[in-house]
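Pasting work_30.pdb here (PDB, C-alpha atoms):
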ATOM      1  CA  MET K   1      -9.577  -8.241  29.507
ATOM      2  CA  ASN K   2     -10.781 -10.547  32.270
ATOM      3  CA  GLU K   3     -12.860  -9.353  35.184
ATOM      4  CA  GLY K   4     -10.026  -9.712  37.697
ATOM      5  CA  THR K   5      -7.685  -7.502  35.673
ATOM      6  CA  ARG K   6     -10.437  -4.934  35.157
ATOM      7  CA  ASP K   7     -11.141  -4.798  38.888
ATOM      8  CA  GLU K   8      -7.424  -4.476  39.614
ATOM      9  CA  ILE K   9      -7.062  -1.535  37.207
ATOM     10  CA  ARG K  10     -10.055   0.237  38.690
ATOM     11  CA  SER K  11      -8.687  -0.281  42.191
ATOM     12  CA  ILE K  12      -5.316   1.211  41.202
ATOM     13  CA  VAL K  13      -7.014   4.154  39.475
ATOM     14  CA  GLU K  14      -9.115   4.857  42.548
ATOM     15  CA  ALA K  15      -6.000   4.860  44.736
ATOM     16  CA  LEU K  16      -4.043   7.105  42.357
ATOM     17  CA  ARG K  17      -6.910   9.607  42.218
ATOM     18  CA  GLY K  18      -7.080   9.701  45.992
ATOM     19  CA  GLU K  19      -4.861  11.202  48.651
ATOM     20  CA  ARG K  20      -1.082  11.102  48.524
ATOM     21  CA  PHE K  21       0.679   8.040  49.878
ATOM     22  CA  ASP K  22       4.276   6.869  50.103
ATOM     23  CA  GLY K  23       5.466   5.480  46.793
ATOM     24  CA  LYS K  24       2.499   6.886  44.868
ATOM     25  CA  ARG K  25       4.611   8.048  41.941
ATOM     26  CA  GLU K  26       6.255   4.630  41.656
ATOM     27  CA  VAL K  27       2.849   2.928  41.621
ATOM     28  CA  GLU K  28       1.662   5.386  38.978
ATOM     29  CA  ARG K  29       4.760   4.780  36.854
ATOM     30  CA  GLU K  30       4.368   1.003  37.001
ATOM     31  CA  PHE K  31       0.684   1.351  36.154
ATOM     32  CA  LEU K  32       1.326   3.536  33.102
ATOM     33  CA  ASP K  33       4.112   1.228  31.954
ATOM     34  CA  ARG K  34       1.452  -1.385  31.249
ATOM     35  CA  GLY K  35       0.835   0.581  28.073
ATOM     36  CA  ALA K  36      -2.104   0.368  25.705
ATOM     37  CA  PRO K  37      -4.030  -2.384  27.580
ATOM     38  CA  ILE K  38      -5.054   0.096  30.305
ATOM     39  CA  VAL K  39      -6.344   2.697  27.836
ATOM     40  CA  ALA K  40      -9.736   1.132  27.097
ATOM     41  CA  GLU K  41     -10.427   0.634  30.795
ATOM     42  CA  LEU K  42      -9.633   4.281  31.539
ATOM     43  CA  LEU K  43     -12.037   5.316  28.785
ATOM     44  CA  ASP K  44     -14.626   2.940  30.244
ATOM     45  CA  ILE K  45     -14.300   4.698  33.605
ATOM     46  CA  ALA K  46     -14.712   8.036  31.808
ATOM     47  CA  ALA K  47     -17.866   6.732  30.122
ATOM     48  CA  ASP K  48     -19.255   5.660  33.510
ATOM     49  CA  GLU K  49     -18.572   9.134  34.919
ATOM     50  CA  GLY K  50     -19.750  11.003  31.825
ATOM     51  CA  ALA K  51     -16.516  12.974  31.374
ATOM     52  CA  LEU K  52     -12.844  12.400  30.651
ATOM     53  CA  PRO K  53     -10.921  13.395  33.814
ATOM     54  CA  HIS K  54      -7.946  15.711  33.391
ATOM     55  CA  ILE K  55      -5.679  13.274  35.206
ATOM     56  CA  PHE K  56      -6.462  10.643  32.565
ATOM     57  CA  LYS K  57      -5.367  13.076  29.848
ATOM     58  CA  ASP K  58      -2.097  13.569  31.722
ATOM     59  CA  TRP K  59      -1.644   9.819  32.023
ATOM     60  CA  PHE K  60      -2.285   9.235  28.326
ATOM     61  CA  LYS K  61       0.778  11.365  27.516
ATOM     62  CA  GLU K  62       2.912   8.786  29.324
ATOM     63  CA  VAL K  63       1.283   5.633  27.961
ATOM     64  CA  GLY K  64       3.123   4.199  24.994
ATOM     65  CA  GLY K  65       0.849   3.457  22.052
ATOM     66  CA  ALA K  66      -2.122   5.331  23.531
ATOM     67  CA  ALA K  67      -2.916   7.217  20.315
ATOM     68  CA  ASP K  68      -2.934   3.984  18.300
ATOM     69  CA  GLU K  69      -5.350   2.450  20.796
ATOM     70  CA  PHE K  70      -7.643   5.478  20.604
ATOM     71  CA  LEU K  71      -7.666   5.233  16.821
ATOM     72  CA  ARG K  72      -8.535   1.533  17.078
ATOM     73  CA  ILE K  73     -11.441   2.332  19.403
ATOM     74  CA  ARG K  74     -12.635   5.054  17.044
ATOM     75  CA  ARG K  75     -12.594   2.477  14.251
ATOM     76  CA  ASP K  76     -13.787  -0.698  15.992
ATOM     77  CA  GLY K  77     -15.594   0.460  19.130
ATOM     78  CA  PRO K  78     -17.097  -0.222  21.557
ATOM     79  CA  GLY K  79     -19.458   2.573  20.644
ATOM     80  CA  ARG K  80     -19.807   4.095  24.097
ATOM     81  CA  LEU K  81     -16.061   4.796  24.200
ATOM     82  CA  ARG K  82     -15.737   6.449  20.792
ATOM     83  CA  ARG K  83     -16.465  10.030  21.902
ATOM     84  CA  TYR K  84     -13.944   9.753  24.744
ATOM     85  CA  ALA K  85     -11.342   8.298  22.387
ATOM     86  CA  LEU K  86     -11.816  11.335  20.139
ATOM     87  CA  GLU K  87     -11.364  13.740  23.052
ATOM     88  CA  ALA K  88      -8.293  11.806  24.188
ATOM     89  CA  LEU K  89      -6.774  12.012  20.704
ATOM     90  CA  ALA K  90      -7.280  15.766  20.736
ATOM     91  CA  SER K  91      -5.664  16.023  24.172
ATOM     92  CA  LEU K  92      -2.570  14.321  22.734
ATOM     93  CA  GLY K  93      -2.424  16.583  19.681
ATOM     94  CA  ALA K  94      -3.128  13.568  17.468
ATOM     95  CA  ALA K  95      -6.453  14.605  15.944
ATOM     96  CA  HIS K  96      -4.666  15.015  12.599
ATOM     97  CA  ARG K  97      -4.379  11.198  12.541
ATOM     98  CA  LEU K  98      -8.143  10.704  12.378
ATOM     99  CA  ASP K  99      -9.290   8.750   9.365
ATOM    100  CA  PRO K 100     -11.287  10.579   6.665
ATOM    101  CA  ARG K 101     -14.616   9.303   8.006
ATOM    102  CA  ASP K 102     -13.965  10.698  11.479
ATOM    103  CA  ARG K 103     -12.624  13.963  10.101
ATOM    104  CA  ALA K 104     -15.752  14.320   7.975
ATOM    105  CA  ALA K 105     -17.941  13.721  11.051
ATOM    106  CA  VAL K 106     -16.164  16.486  12.977
ATOM    107  CA  GLU K 107     -16.480  18.837  10.014
ATOM    108  CA  ARG K 108     -20.209  18.068   9.748
ATOM    109  CA  LEU K 109     -20.669  18.977  13.405
ATOM    110  CA  VAL K 110     -18.803  22.247  12.876
ATOM    111  CA  ARG K 111     -20.996  23.006   9.852
ATOM    112  CA  LEU K 112     -24.121  22.380  11.932
ATOM    113  CA  ARG K 113     -22.887  24.765  14.609
ATOM    114  CA  LEU K 114     -21.980  27.292  11.931
ATOM    115  CA  SER K 115     -25.466  27.076  10.455
ATOM    116  CA  ASP K 116     -26.745  28.192  13.858
ATOM    117  CA  ALA K 117     -24.026  30.854  13.939
ATOM    118  CA  GLY K 118     -25.274  32.064  10.565
ATOM    119  CA  ASP K 119     -28.440  33.073  12.379
ATOM    120  CA  GLY K 120     -26.433  34.877  15.029
ATOM    121  CA  GLY K 121     -26.436  31.991  17.491
ATOM    122  CA  SER K 122     -23.147  31.285  19.254
ATOM    123  CA  ARG K 123     -21.967  30.328  22.683
ATOM    124  CA  ARG K 124     -19.701  32.764  24.455
ATOM    125  CA  PRO K 125     -16.134  31.517  25.029
ATOM    126  CA  ARG K 126     -15.107  30.829  28.608
ATOM    127  CA  TYR K 127     -13.489  34.264  28.622
ATOM    128  CA  TRP K 128     -12.213  36.825  26.151
ATOM    129  CA  PRO K 129      -8.442  37.247  25.952
ATOM    130  CA  GLY K 130      -6.991  40.594  26.962
ATOM    131  CA  PHE K 131      -5.270  41.280  23.641
ATOM    132  CA  TRP K 132      -6.366  41.266  20.030
ATOM    133  CA  VAL K 133      -5.900  42.918  16.642
ATOM    134  CA  THR K 134      -8.772  44.433  14.676
ATOM    135  CA  VAL K 135      -8.617  44.778  10.893
ATOM    136  CA  ARG K 136     -10.946  47.002   8.913
ATOM    137  CA  GLY K 137     -12.970  45.290   6.207
ATOM    138  CA  ASP K 138     -13.542  41.691   5.211
ATOM    139  CA  ASP K 139     -10.487  40.774   3.136
ATOM    140  CA  LEU K 140      -9.651  37.340   4.512
ATOM    141  CA  LYS K 141      -7.294  36.612   1.623
ATOM    142  CA  ALA K 142      -5.236  39.753   2.272
ATOM    143  CA  ILE K 143      -4.959  38.977   6.002
ATOM    144  CA  THR K 144      -3.789  35.407   5.511
ATOM    145  CA  ALA K 145      -1.361  36.312   2.728
ATOM    146  CA  GLU K 146       0.247  39.158   4.671
ATOM    147  CA  LEU K 147       0.757  37.080   7.824
ATOM    148  CA  GLY K 148       1.724  33.911   5.954
ATOM    149  CA  LEU K 149      -1.072  31.810   7.449
ATOM    150  CA  HIS K 150      -1.866  28.250   6.374
ATOM    151  CA  HIS K 151      -4.536  25.541   6.629
ATOM    152  CA  LEU K 152      -7.549  27.828   7.013
ATOM    153  CA  THR K 153     -10.310  25.868   8.721
ATOM    154  CA  ARG K 154     -13.850  27.031   9.389
ATOM    155  CA  ALA K 155     -14.512  27.396  13.104
ATOM    156  CA  THR K 156     -17.127  28.656  15.512
ATOM    157  CA  VAL K 157     -16.230  31.559  17.801
ATOM    158  CA  PRO K 158     -15.814  29.417  20.971
ATOM    159  CA  MET K 159     -13.781  26.871  19.016
ATOM    160  CA  GLY K 160     -11.528  29.532  17.501
ATOM    161  CA  VAL K 161     -10.918  31.535  20.672
ATOM    162  CA  HIS K 162     -10.149  28.412  22.704
ATOM    163  CA  ALA K 163      -7.795  27.145  20.003
ATOM    164  CA  ALA K 164      -5.885  30.412  19.687
ATOM    165  CA  VAL K 165      -5.660  31.368  23.346
ATOM    166  CA  MET K 166      -6.760  28.781  25.908
ATOM    167  CA  GLU K 167      -5.629  25.374  24.670
ATOM    168  CA  GLU K 168      -2.160  24.599  23.330
ATOM    169  CA  HIS K 169      -1.588  27.148  20.585
ATOM    170  CA  PHE K 170       2.207  27.249  20.201
ATOM    171  CA  ILE K 171       4.509  24.405  19.145
ATOM    172  CA  THR K 172       8.301  24.409  19.021
ATOM    173  CA  MET K 173       9.908  22.056  16.508
ATOM    174  CA  THR K 174      13.400  21.249  15.312
ATOM    175  CA  GLY K 175      13.978  22.459  11.778
ATOM    176  CA  PRO K 176      16.827  22.047   9.283
ATOM    177  CA  ALA K 177      20.311  22.129  10.794
ATOM    178  CA  GLY K 178      18.769  21.773  14.240
ATOM    179  CA  LYS K 179      17.344  25.281  14.257
ATOM    180  CA  PRO K 180      14.090  25.768  16.183
ATOM    181  CA  GLN K 181      10.907  26.428  14.252
ATOM    182  CA  TYR K 182       7.588  27.586  15.637
ATOM    183  CA  ALA K 183       3.949  27.062  14.774
ATOM    184  CA  GLU K 184       1.032  28.960  16.252
ATOM    185  CA  ARG K 185      -2.745  28.798  15.937
ATOM    186  CA  ILE K 186      -4.527  32.030  15.058
ATOM    187  CA  PHE K 187      -8.274  32.680  14.976
ATOM    188  CA  ILE K 188      -9.682  35.187  12.506
ATOM    189  CA  SER K 189     -13.177  36.135  13.593
ATOM    190  CA  PRO K 190     -16.182  36.502  11.327
ATOM    191  CA  PRO K 191     -16.753  40.082  10.136
ATOM    192  CA  VAL K 192     -18.442  42.210  12.788
ATOM    193  CA  GLN K 193     -19.448  45.848  12.316
ATOM    194  CA  GLY K 194     -17.046  46.197   9.400
ATOM    195  CA  TRP K 195     -14.029  44.625  11.139
ATOM    196  CA  ARG K 196     -12.401  41.249  11.692
ATOM    197  CA  ILE K 197     -10.748  40.426  15.020
ATOM    198  CA  LEU K 198      -7.570  38.351  15.251
ATOM    199  CA  PHE K 199      -7.020  36.316  18.413
ATOM    200  CA  LEU K 200      -3.527  35.041  19.106
ATOM    201  CA  GLY K 201      -1.526  33.520  21.925
ATOM    202  CA  HIS K 202       0.724  35.151  24.517
ATOM    203  CA  GLU K 203       3.802  34.236  22.498
ATOM    204  CA  SER K 204       2.759  36.779  19.854
ATOM    205  CA  LEU K 205       2.207  39.729  22.184
ATOM    206  CA  GLY K 206       5.420  41.284  20.918
ATOM    207  CA  HIS K 207       4.020  41.259  17.378
ATOM    208  CA  LEU K 208       0.779  43.145  18.049
ATOM    209  CA  VAL K 209       1.943  46.547  16.814
ATOM    210  CA  ASP K 210       3.921  45.053  13.931
ATOM    211  CA  TRP K 211       0.879  43.069  12.800
ATOM    212  CA  ALA K 212      -1.313  46.160  13.043
ATOM    213  CA  ASP K 213       1.102  48.071  10.811
ATOM    214  CA  ARG K 214       1.452  45.253   8.296
ATOM    215  CA  LEU K 215      -2.265  44.558   8.087
ATOM    216  CA  SER K 216      -3.075  48.251   7.784
ATOM    217  CA  GLY K 217      -0.773  48.279   4.771
ATOM    218  CA  VAL K 218      -2.955  45.770   2.908
ATOM    219  CA  CYS K 219      -6.363  46.498   4.463
ATOM    220  CA  GLY K 220      -6.110  50.239   5.076
ATOM    221  CA  GLU K 221      -6.437  50.226   8.863
ATOM    222  CA  ALA K 222      -5.688  47.864  11.740
ATOM    223  CA  HIS K 223      -5.479  48.310  15.521
ATOM    224  CA  ALA K 224      -3.718  46.524  18.380
ATOM    225  CA  TYR K 225      -5.177  46.321  21.898
ATOM    226  CA  TYR K 226      -3.674  44.911  25.059
ATOM    227  CA  ASN K 227      -5.028  44.649  28.603
ATOM    228  CA  ASP K 228      -2.742  43.256  31.300
ATOM    229  CA  ALA K 229      -4.757  40.622  33.171
ATOM    230  CA  TYR K 230      -2.534  41.007  36.244
ATOM    231  CA  ASP K 231      -2.323  44.791  36.370
ATOM    232  CA  SER K 232      -5.494  46.740  35.673
ATOM    233  CA  ASP K 233      -3.411  49.907  35.279
ATOM    234  CA  ASP K 234      -1.304  48.478  32.484
ATOM    235  CA  GLY K 235      -2.191  48.132  28.820
ATOM    236  CA  PHE K 236      -2.010  49.949  25.511
ATOM    237  CA  TRP K 237      -3.760  50.538  22.225
ATOM    238  CA  TYR K 238      -2.397  51.412  18.813
ATOM    239  CA  VAL K 239      -3.798  52.466  15.435
ATOM    240  CA  GLY K 240      -2.052  51.720  12.151
ATOM    241  CA  ARG K 241      -3.153  53.178   8.827
ATOM    242  CA  ASP K 242      -1.749  52.500   5.387
ATOM    243  CA  GLY K 243       1.171  50.541   6.770
ATOM    244  CA  ARG K 244       2.395  52.998   9.398
ATOM    245  CA  ARG K 245       1.672  54.424  12.819
ATOM    246  CA  HIS K 246      -1.339  56.718  12.943
ATOM    247  CA  ARG K 247      -2.018  56.952  16.695
ATOM    248  CA  GLY K 248      -0.390  55.370  19.703
ATOM    249  CA  PRO K 249       0.741  53.289  21.294
ATOM    250  CA  PHE K 250      -1.025  54.936  24.219
ATOM    251  CA  SER K 251      -0.832  53.483  27.694
ATOM    252  CA  PHE K 252      -2.601  54.421  30.900
ATOM    253  CA  GLU K 253       0.393  56.495  31.935
ATOM    254  CA  ASP K 254       0.410  58.695  28.827
ATOM    255  CA  GLU K 255      -0.587  62.322  29.246
ATOM    256  CA  GLU K 256      -2.586  62.333  26.020
ATOM    257  CA  ASP K 257      -6.045  63.844  25.735
ATOM    258  CA  GLU K 258      -7.333  60.719  24.015
ATOM    259  CA  LYS K 259      -5.966  58.468  26.739
ATOM    260  CA  ALA K 260      -8.355  55.578  27.424
ATOM    261  CA  ASP K 261      -8.167  51.992  28.489
ATOM    262  CA  PRO K 262      -7.953  49.508  25.585
ATOM    263  CA  ASP K 263     -11.553  48.273  25.921
ATOM    264  CA  THR K 264     -12.934  51.808  25.828
ATOM    265  CA  ALA K 265     -10.648  52.749  22.953
ATOM    266  CA  ALA K 266     -11.640  49.640  20.983
ATOM    267  CA  ALA K 267     -15.353  50.307  21.486
ATOM    268  CA  TYR K 268     -14.869  53.854  20.218
ATOM    269  CA  LEU K 269     -12.356  53.251  17.413
ATOM    270  CA  SER K 270     -13.239  49.772  16.096
ATOM    271  CA  VAL K 271     -14.843  46.824  17.948
ATOM    272  CA  THR K 272     -14.348  44.801  21.114
ATOM    273  CA  PRO K 273     -14.625  40.996  21.221
ATOM    274  CA  ASP K 274     -18.017  41.343  22.934
ATOM    275  CA  ALA K 275     -19.389  42.710  19.661
ATOM    276  CA  LEU K 276     -19.216  39.155  18.297
ATOM    277  CA  MET K 277     -22.010  38.110  20.641
ATOM    278  CA  LEU K 278     -24.310  40.690  19.032
ATOM    279  CA  ALA K 279     -23.488  39.904  15.399
ATOM    280  CA  ASP K 280     -26.184  38.645  13.036
ATOM    281  CA  ASP K 281     -23.891  36.167  11.265
ATOM    282  CA  LEU K 282     -20.970  34.345  12.891
ATOM    283  CA  SER K 283     -20.487  31.642  10.277
ATOM    284  CA  ASP K 284     -17.312  32.968   8.640
ATOM    285  CA  GLY K 285     -14.567  32.521  11.258
ATOM    286  CA  ARG K 286     -11.311  30.753  10.390
ATOM    287  CA  LEU K 287      -8.639  28.913  12.337
ATOM    288  CA  ALA K 288      -5.195  29.026  10.757
ATOM    289  CA  THR K 289      -1.590  28.204  11.580
ATOM    290  CA  THR K 290       1.685  29.990  10.982
ATOM    291  CA  HIS K 291       3.531  26.921   9.645
ATOM    292  CA  PRO K 292       2.844  25.142   6.337
ATOM    293  CA  GLU K 293       3.436  21.661   7.780
ATOM    294  CA  VAL K 294       1.328  22.087  10.915
ATOM    295  CA  THR K 295      -2.475  21.986  10.776
ATOM    296  CA  PRO K 296      -4.850  23.238  13.491
ATOM    297  CA  TRP K 297      -5.276  19.585  14.548
ATOM    298  CA  HIS K 298      -1.625  19.058  15.522
ATOM    299  CA  PHE K 299      -2.082  21.016  18.760
ATOM    300  CA  ARG K 300      -3.085  19.372  22.031
ATOM    301  CA  GLY K 301      -6.474  20.060  23.568
ATOM    302  CA  ALA K 302     -10.121  19.250  22.861
ATOM    303  CA  LEU K 303     -12.003  22.253  21.494
ATOM    304  CA  PRO K 304     -15.605  23.255  22.169
ATOM    305  CA  ILE K 305     -17.699  23.431  19.020
TER     306      ILE K 305
END
Structure encoded using structure tokens:
Amino acid sequence: MNEGTRDEIRSIVEALRGERFDGKREVEREFLDRGAPIVAELLDIAADEGALPHIFKDWFKEVGGAADEFLRIRRDGPGRLRRYALEALASLGAAHRLDPRDRAAVERLVRLRLSDAGDGGSRRPRYWPGFWVTVRGDDLKAITAELGLHHLTRATVPMGVHAAVMEEHFITMTGPAGKPQYAERIFISPPVQGWRILFLGHESLGHLVDWADRLSGVCGEAHAYYNDAYDSDDGFWYVGRDGRRHRGPFSFEDEEDEKADPDTAAAYLSVTPDALMLADDLSDGRLATTHPEVTPWHFRGALPI
């Protein structure tokens, strides 16, 4: 790309990132219609700034051939753009297209983080979700078989929680005969104080009690907890044992002696997510999906490791 074209692109980008002006959307559309040739320059701007701006990630979704260009940059360079190309691929949900060498590099980084996690070291996620399922014991095989989970992938706690809750974690697809099919990312935490914690997205809130019952049937005991982020007086907790209801669901409005908010109930009856930050070994968490043809890397969003 010649210097004049590069300067022109940077001038357009500066204008589009600035204040609104008449015809801005038309200018943006014409700019993005240039396709793959603008991709490297956008990554070059990101490298200058030290971060990939969110607006660039939005633009990449509209640029034809962007993923192919990112893969080319990952393969051929320039070197200073490779990390931003990887993040951009993840933002498009195209990380599953990485070549084996790149995939191995990502897996090595995860293993390094997990080696630290094996000594109890882990970064706290941006926030803990307000709903989770706890399962007594350490039977990962029983959990995944009962819920029909696929593509188990080792993950750190921040990586797993972000994948299951904060980034894209639910995909709708068209199946046979045009019927919709769904895929979701689930994070199964490392064992902590004799329990594993399952983190899942908002789309599965309606399954919390059902999952607790089903998992208690194969693991002996499982609980469901829910805190409403928008209403501090709303929430519930539930205990399943041996495949059926044992206690609950109790909400704040119940007139039960054992009434308690979900966090208090979880701390008393099993574990809260905060317990993960005090664990001695956090190296055994797993990301999984609910669809056999969808891996954890098909979802959009770059994950912290």
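Residues matched by the PyMOL selection byres ((chain K and resi 86-91) around 8) in this structure: Leu52, Lys57, Phe60, Ala67, Phe70, Leu71, Arg74, Arg82, Arg83, Tyr84, Ala85, Leu92, Gly93, Ala94, Ala95, Trp297, Phe299, Arg300, Gly301 and Ala302 of chain K.
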For the selection just defined, write its residues with C-alpha atoms to a file, as a PDB file, in the frame of the given file.
ATOM      1  CA  LEU K  52     -12.844  12.400  30.651  1.00  0.00           C
ATOM      2  CA  LYS K  57      -5.367  13.076  29.848  1.00  0.00           C
ATOM      3  CA  PHE K  60      -2.285   9.235  28.326  1.00  0.00           C
ATOM      4  CA  ALA K  67      -2.916   7.217  20.315  1.00  0.00           C
ATOM      5  CA  PHE K  70      -7.643   5.478  20.604  1.00  0.00           C
ATOM      6  CA  LEU K  71      -7.666   5.233  16.821  1.00  0.00           C
ATOM      7  CA  ARG K  74     -12.635   5.054  17.044  1.00  0.00           C
ATOM      8  CA  ARG K  82     -15.737   6.449  20.792  1.00  0.00           C
ATOM      9  CA  ARG K  83     -16.465  10.030  21.902  1.00  0.00           C
ATOM     10  CA  TYR K  84     -13.944   9.753  24.744  1.00  0.00           C
ATOM     11  CA  ALA K  85     -11.342   8.298  22.387  1.00  0.00           C
ATOM     12  CA  LEU K  92      -2.570  14.321  22.734  1.00  0.00           C
ATOM     13  CA  GLY K  93      -2.424  16.583  19.681  1.00  0.00           C
ATOM     14  CA  ALA K  94      -3.128  13.568  17.468  1.00  0.00           C
ATOM     15  CA  ALA K  95      -6.453  14.605  15.944  1.00  0.00           C
ATOM     16  CA  TRP K 297      -5.276  19.585  14.548  1.00  0.00           C
ATOM     17  CA  PHE K 299      -2.082  21.016  18.760  1.00  0.00           C
ATOM     18  CA  ARG K 300      -3.085  19.372  22.031  1.00  0.00           C
ATOM     19  CA  GLY K 301      -6.474  20.060  23.568  1.00  0.00           C
ATOM     20  CA  ALA K 302     -10.121  19.250  22.861  1.00  0.00           C
TER      21      ALA K 302
END
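Distance check against Gly201 in chain K using only C-alpha atoms: of K:Cys219, K:Gly64, K:Pro129, K:Tyr182, the minimum falls on K:Pro129.
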Review point. Hey, can you check how far CA of Gly130 in chain K sits from CA of Tyr238 in chain K?
Key: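 Interatomic distance here is 14.3 Å.
In terms of minimum interatomic distance to Ala260 in chain K, K:Asn227 ranks closest within K:Ser216, K:Ile197, K:Asn227, K:Gly35, counting all atoms listed in the file.
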Review point. Which one is closest to Glu14 in chain K: K:Ala145, K:Val218, K:Met166, K:Ile45? Count all atoms listed in the file.
Key: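 Going through K:Ala145, K:Val218, K:Met166, K:Ile45 one by one, the smallest distance to Glu14 in chain K is for K:Ile45.
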Check your understanding: Could you name the residues that touch Leu32 in chain K at 12 Å or less, counting all atoms listed in the file, but leaving out those on the same chain fewer than 2 positions away, as a count of residues only?
Key -> 27
Can you rebuild range 216-229 of chain K with N, CA, C and O atoms and give it as a PDB file, keeping the file's coordinate frame?
ATOM      1  N   SER K 216      -2.542  46.967   8.255  1.00  0.00           N
ATOM      2  CA  SER K 216      -3.075  48.251   7.784  1.00  0.00           C
ATOM      3  C   SER K 216      -2.523  48.581   6.401  1.00  0.00           C
ATOM      4  O   SER K 216      -3.159  49.295   5.622  1.00  0.00           O
ATOM      5  N   GLY K 217      -1.347  48.038   6.088  1.00  0.00           N
ATOM      6  CA  GLY K 217      -0.773  48.279   4.771  1.00  0.00           C
ATOM      7  C   GLY K 217      -1.540  47.604   3.652  1.00  0.00           C
ATOM      8  O   GLY K 217      -1.544  48.085   2.514  1.00  0.00           O
ATOM      9  N   VAL K 218      -2.205  46.484   3.951  1.00  0.00           N
ATOM     10  CA  VAL K 218      -2.955  45.770   2.908  1.00  0.00           C
ATOM     11  C   VAL K 218      -4.462  45.944   3.051  1.00  0.00           C
ATOM     12  O   VAL K 218      -5.206  45.703   2.094  1.00  0.00           O
ATOM     13  N   CYS K 219      -4.920  46.350   4.237  1.00  0.00           N
ATOM     14  CA  CYS K 219      -6.363  46.498   4.463  1.00  0.00           C
ATOM     15  C   CYS K 219      -6.764  47.935   4.785  1.00  0.00           C
ATOM     16  O   CYS K 219      -7.947  48.207   5.008  1.00  0.00           O
ATOM     17  N   GLY K 220      -5.800  48.831   4.846  1.00  0.00           N
ATOM     18  CA  GLY K 220      -6.110  50.239   5.076  1.00  0.00           C
ATOM     19  C   GLY K 220      -5.980  50.668   6.521  1.00  0.00           C
ATOM     20  O   GLY K 220      -5.428  51.728   6.813  1.00  0.00           O
ATOM     21  N   GLU K 221      -6.491  49.854   7.449  1.00  0.00           N
ATOM     22  CA  GLU K 221      -6.437  50.226   8.863  1.00  0.00           C
ATOM     23  C   GLU K 221      -6.488  48.975   9.725  1.00  0.00           C
ATOM     24  O   GLU K 221      -7.227  48.031   9.438  1.00  0.00           O
ATOM     25  N   ALA K 222      -5.685  48.968  10.779  1.00  0.00           N
ATOM     26  CA  ALA K 222      -5.688  47.864  11.740  1.00  0.00           C
ATOM     27  C   ALA K 222      -5.229  48.403  13.086  1.00  0.00           C
ATOM     28  O   ALA K 222      -4.395  49.316  13.146  1.00  0.00           O
ATOM     29  N   HIS K 223      -5.779  47.842  14.166  1.00  0.00           N
ATOM     30  CA  HIS K 223      -5.479  48.310  15.521  1.00  0.00           C
ATOM     31  C   HIS K 223      -4.952  47.156  16.369  1.00  0.00           C
ATOM     32  O   HIS K 223      -5.290  45.989  16.129  1.00  0.00           O
ATOM     33  N   ALA K 224      -4.179  47.497  17.392  1.00  0.00           N
ATOM     34  CA  ALA K 224      -3.718  46.524  18.380  1.00  0.00           C
ATOM     35  C   ALA K 224      -4.185  46.973  19.755  1.00  0.00           C
ATOM     36  O   ALA K 224      -4.093  48.163  20.094  1.00  0.00           O
ATOM     37  N   TYR K 225      -4.690  46.017  20.551  1.00  0.00           N
ATOM     38  CA  TYR K 225      -5.177  46.321  21.898  1.00  0.00           C
ATOM     39  C   TYR K 225      -4.608  45.305  22.878  1.00  0.00           C
ATOM     40  O   TYR K 225      -4.550  44.107  22.578  1.00  0.00           O
ATOM     41  N   TYR K 226      -4.225  45.804  24.044  1.00  0.00           N
ATOM     42  CA  TYR K 226      -3.674  44.911  25.059  1.00  0.00           C
ATOM     43  C   TYR K 226      -4.095  45.365  26.445  1.00  0.00           C
ATOM     44  O   TYR K 226      -3.904  46.521  26.826  1.00  0.00           O
ATOM     45  N   ASN K 227      -4.695  44.448  27.199  1.00  0.00           N
ATOM     46  CA  ASN K 227      -5.028  44.649  28.603  1.00  0.00           C
ATOM     47  C   ASN K 227      -4.219  43.669  29.432  1.00  0.00           C
ATOM     48  O   ASN K 227      -4.251  42.465  29.160  1.00  0.00           O
ATOM     49  N   ASP K 228      -3.506  44.143  30.435  1.00  0.00           N
ATOM     50  CA  ASP K 228      -2.742  43.256  31.300  1.00  0.00           C
ATOM     51  C   ASP K 228      -3.682  42.635  32.326  1.00  0.00           C
ATOM     52  O   ASP K 228      -4.265  43.337  33.156  1.00  0.00           O
ATOM     53  N   ALA K 229      -3.824  41.304  32.275  1.00  0.00           N
ATOM     54  CA  ALA K 229      -4.757  40.622  33.171  1.00  0.00           C
ATOM     55  C   ALA K 229      -4.330  40.719  34.629  1.00  0.00           C
ATOM     56  O   ALA K 229      -5.153  40.552  35.532  1.00  0.00           O
TER      57      ALA K 229
END
